[in-house]
Amino acid sequence: MQAEDLYSAGEVGPDNQARVWDDKADIGMEIPSKGLSSTDAGMPERCEGQSRMKIMQEKLPRETRRIPPPSKLQRFSVDTNESLHFDPYVSQSDDDEPQLLSSHRGQMQYSDEVFEEENEIEEEQIGDQMCSIPEGGRSKHKMDVKERLSEDNETESPDVFCTDCKTPTWSFQNLYGPHKDHRVILISRATEEIKEDLQKTTGKLEEQIGLMENFASHLEEIFITVEENFGRQEQNLEQHYNDVIQTLSQRYEQGASRLADEKKLKLEALYGQLVDCGKTLDISKELIEEAQEIYRNENKLMFLQAVASAIARTEDLIKDEPNFKLLASLEFENSTVDLSDVKQMMDSINIVPAPSAPVINPQIPNSATSTSVRVCWSLFSDDTVEFYELHYRPVLDDTNAGLQAPEVLKKRAKETYLTVMDLLPNAQYEFWVTATNTTGVSPASEKAVYMTVPSPPVIKWRECTSFPDAALIRWESGNTNPVDSYTMELSEIGAECPDHGISESIVAIPTCECLIQLQSGRHYSICVRAINTGGPSERSEPVIIQTTGTYFHLLEDTAHPCLSISEDGFTMFYGDEDLPLSDMIFSDNTFARCVAVLGDLIPVRGRHYWEVDVEERTEFRIGIAYEDTQRNGFLGGNSTSWCMRHVITPSRHKYEFLHSGWSPDIRVTVHPKRVGVLLDYDAGKLSFFNAHLAQHLYTFHCHFLHLVHPCFALDSPGALTIHNGIAAPEYTMFN
Amino acid sequence: MAALTQVSSNKCCGGFQKVFEHYSTELKCRMKFAIYLPPKAENAKCPVFYWLSGLTCTEQNFITKAGSQQAASEHGLIIVAPDTSPRGCNIEGEDESWDFGTGAGFYVNATEDPWKVNYRMYAYVTEELPSLINAHFPADPEKMSISGHSMGGHGALICALKNPGKYKAVSAFAPICNPMQCAWGQKAFSGYLGSDKSTWEAYDATVLVGSYSGPQLDILIDQGRDDQFLSAGQLLPDNLIAACTEKKIPVVFRLQPGYDHSYYFVFSFINDHIKHHAKYLNA
């Protein structure tokens, strides 16, 4: 049957195809014969790469290449795609050697002819001329030269060199003989010069060898690539033909079964009609026989009785017109087979397939900025792609999940990467990519989430404190969404590193503050980066930290409403005019009775020193307090604060050193215009000095249970100015 | 220079507490003085802290009761504690009372007979003794300071005020601040200096403050509040404070509640004073 033939044709298909493809592959690769040997194996994959290829030996010296003997080809055979075996041209084999020699000899012969008319010794220049022959050829020539030289020495050595004839000669020949009026130089100098030339030439040749080697390795790469490309084309071709054959076989099966069905229907109809005809014939014959029998009846009465019903039945039968129409159509239905799709498939065998889905890469570290990300993807390299389309949309976090899905944006790219701009900082975006060529659009790649880096943090310099051996840096995130961590970068400012190079980084800081150990008496430039999975942000604006003494700002939110603080944050005023109580705004953190303010926390142990300018008529309290010191109490009046207090009595200036409301009785004869405060956590001491006089006034001895804040208060209108970042003077060591 | 005779030597706080005897050319008699040599003095010249004792004291009181050696050892200070008066001069009435004559030299150069030959304690403590110390001990002649208790406090103050720059630091425990105005001072000054009170002024700290001119002073004074001589009006610190306030001479005066006039009081605050001196001597 036809169907069986077709079916078996489908089964043997690959074999046939392979044969076709092998032929094609060989043509395509322009690789001779060997590939065909694997044709019998049936599958094209097996023969792939087994072909041998011969390439002109690129490393051959120039001289020899002029007359390339058939064997002077570099052979390299490719067994697999992975390994490439070279049989480099090195004339090691016995076969090659004689050919080489003969070629050189032939040339020398030629050279000799040139100088035939000249002195026999002139032939020596051949050696020099031939010096540009590298590798195998050279040694041979050198040997020849040497031989000749030694021969000459046996007679009489030439003493000069004729530069015109390029040959050694005798000086007397310059006066007469063949070199008359020629320029001659001493033979030793000539040797030097020519050696130099020789070196130059050799150098050039080495360069060329290098270039040629590069070119050869480049060729190897191209070779492999070409081979791979053809391999893929072969696969494509196979795929296509498989598809076509599969489709054709399907069509055949459909067609064959349809034909069978139709045949069965028609035959059944015809057979039925035949049977019906037979039945009608039988009935008619019976009727005729019956009528003849009645006709022969001699009994007239009985005849008459019977004939009436017989006539009636015959008439009935005659009444039915015999149906001579064929119930089945003898025409074959004109079932046109639509093979347009097959044709299209056949056509498309030689056109590029639509690309397969690209593979989107995960985000590469440090490839994002706060407003852009560089998205990369790749593709099966055999796909021809005209352009890519990168689709993206922001990833909404849980809080926005209820909102409408964000719009998907698209960007076109020719390359397999694209830097997408105008994004929001510290935000996640979902990306996917399609590839398009003339045939169509690929399916979309997987989705990949990329993240823009955060905006740089903002250092809150007013909340940074520094100490002789440390600094506390505080900053604002600069981002509305949380970031993963922060990195602090610090560099010492000084002669040693004028380029502001980063000398130290502290990474993985979870919060917006960091206490760092530093060396005392230095200047540091400190900046902060915010980090998320996309990478680090730009640096924040730097803050300059000086590790001389202790440097803090005032916590203005603790200030009594009557206390105003200067622009620079270091001078506080208590004005003459009291605010009406109704205008005062108190918070839980505000001093309510004492016109006081706290300085920032001093969070590191060790010694801390600061000074305060005080006017003679100003009544003040200067000291330290725990963070939770009573806001409605007076500094020094409780167990949570220690301070020096200045009171003006009608008779004198009174100085108190107050803690828990008690002060020792101490008289100070000279009013301190600048009070020095020394806090020594470790020794448990708080000392006060007249800074101008280096005079020790008083020392509290106390074991500080908690970290403390500097504190300042004005008991009458006036001002206090804090001087920060001063190294503790030497004399404070003695108290 | 007169020869020194070592009377005693005891190792103390890594150094040595010694007592020497010598013949004083100023006082025309043999005198004892105590000297503490800190460990540092073995290798280097050390500053000298002169201590002037109070009425009735000898060189022994301070070294046995004040407990100064530990801090002196730490700060590398030599402490020199002379006697409080010439002794055994056979002057009529020298031993009659505890507040005049023997043990009560008041650190003046007497001008009245019969005291003027021997009772030249001011010259002794400011000139002769320092020369002796500088010659015989590893003392840094440029660095000396002075302190004292009661009459010695008076002595320390006048030595400092009369010799601007000579003493790098000065302090006092319960000093007789204004001797012209108190019974002790009046008795001593009239006896040693005569009835002309203008001559007294040269030895009165409160008066001297008014005419002081020289390097910035930083005077530390401790006073027991329960000192019977304070309430008896012998010490009169307020007068000195008023004068210093007036003249802007820096004083920190600490009235220590509960303390009396004894060496227990001195012992309690001697460390503060040695630190105060060390601050200037070791600067």
# chains A, B, ... in the order shown; residues from 1 in each chain; ligands from 1
>>> select_by_dssp(residues="region 72-210 of chain B", states="alpha helix (DSSP H)", output="ChimeraX atom specification")
/B:72-75,121-123,129-136,151-162,183-193,197-200,205-210
>>> residues_around(residues="Glu476 (chain A)", least_positions_apart="2", cutoff="7 Å", atoms="only C-alpha atoms", output="ChimeraX atom specification")
/A:457-460,478,512
>>> interface_residues(of="chain A", to="chain B", cutoff="6 Å", atoms="only C-alpha atoms", output="ChimeraX atom specification")
/A:665-670,731,734
>>> select_by_dssp(residues="region 182-261 of chain B", states="strand (DSSP E)", output="PyMOL selection string")
chain B and resi 219-224+251-256
>>> atom_distance(atom1="CA of Tyr626 (chain A)", atom2="CA of His709 (chain A)")
6.0 Å
>>> closest_residue(among="A:Trp475, A:Tyr388, A:Tyr486, A:Tyr241", to="Ser442 (chain A)", atoms="only C-alpha atoms")
A:Tyr388
>>> residues_around(residues="Cys594 (chain A)", least_positions_apart="2", cutoff="9 Å", atoms="only C-alpha atoms", output="list in words")
His560, Phe591, Ala592, Ala596, Val597, Arg631, Asn632, Gly633, Phe634, Leu635, Ala713, Leu714 and Asp715 of chain A
>>> residues_around(residues="Leu236 (chain B)", least_positions_apart="3", cutoff="9 Å", atoms="only C-alpha atoms", output="list in words")
Pro175, Ile176, Cys177, Asn178, Pro179, Gln181, Cys182, Leu230, Ser231, Gly233, Asn239 and Leu240 of chain B
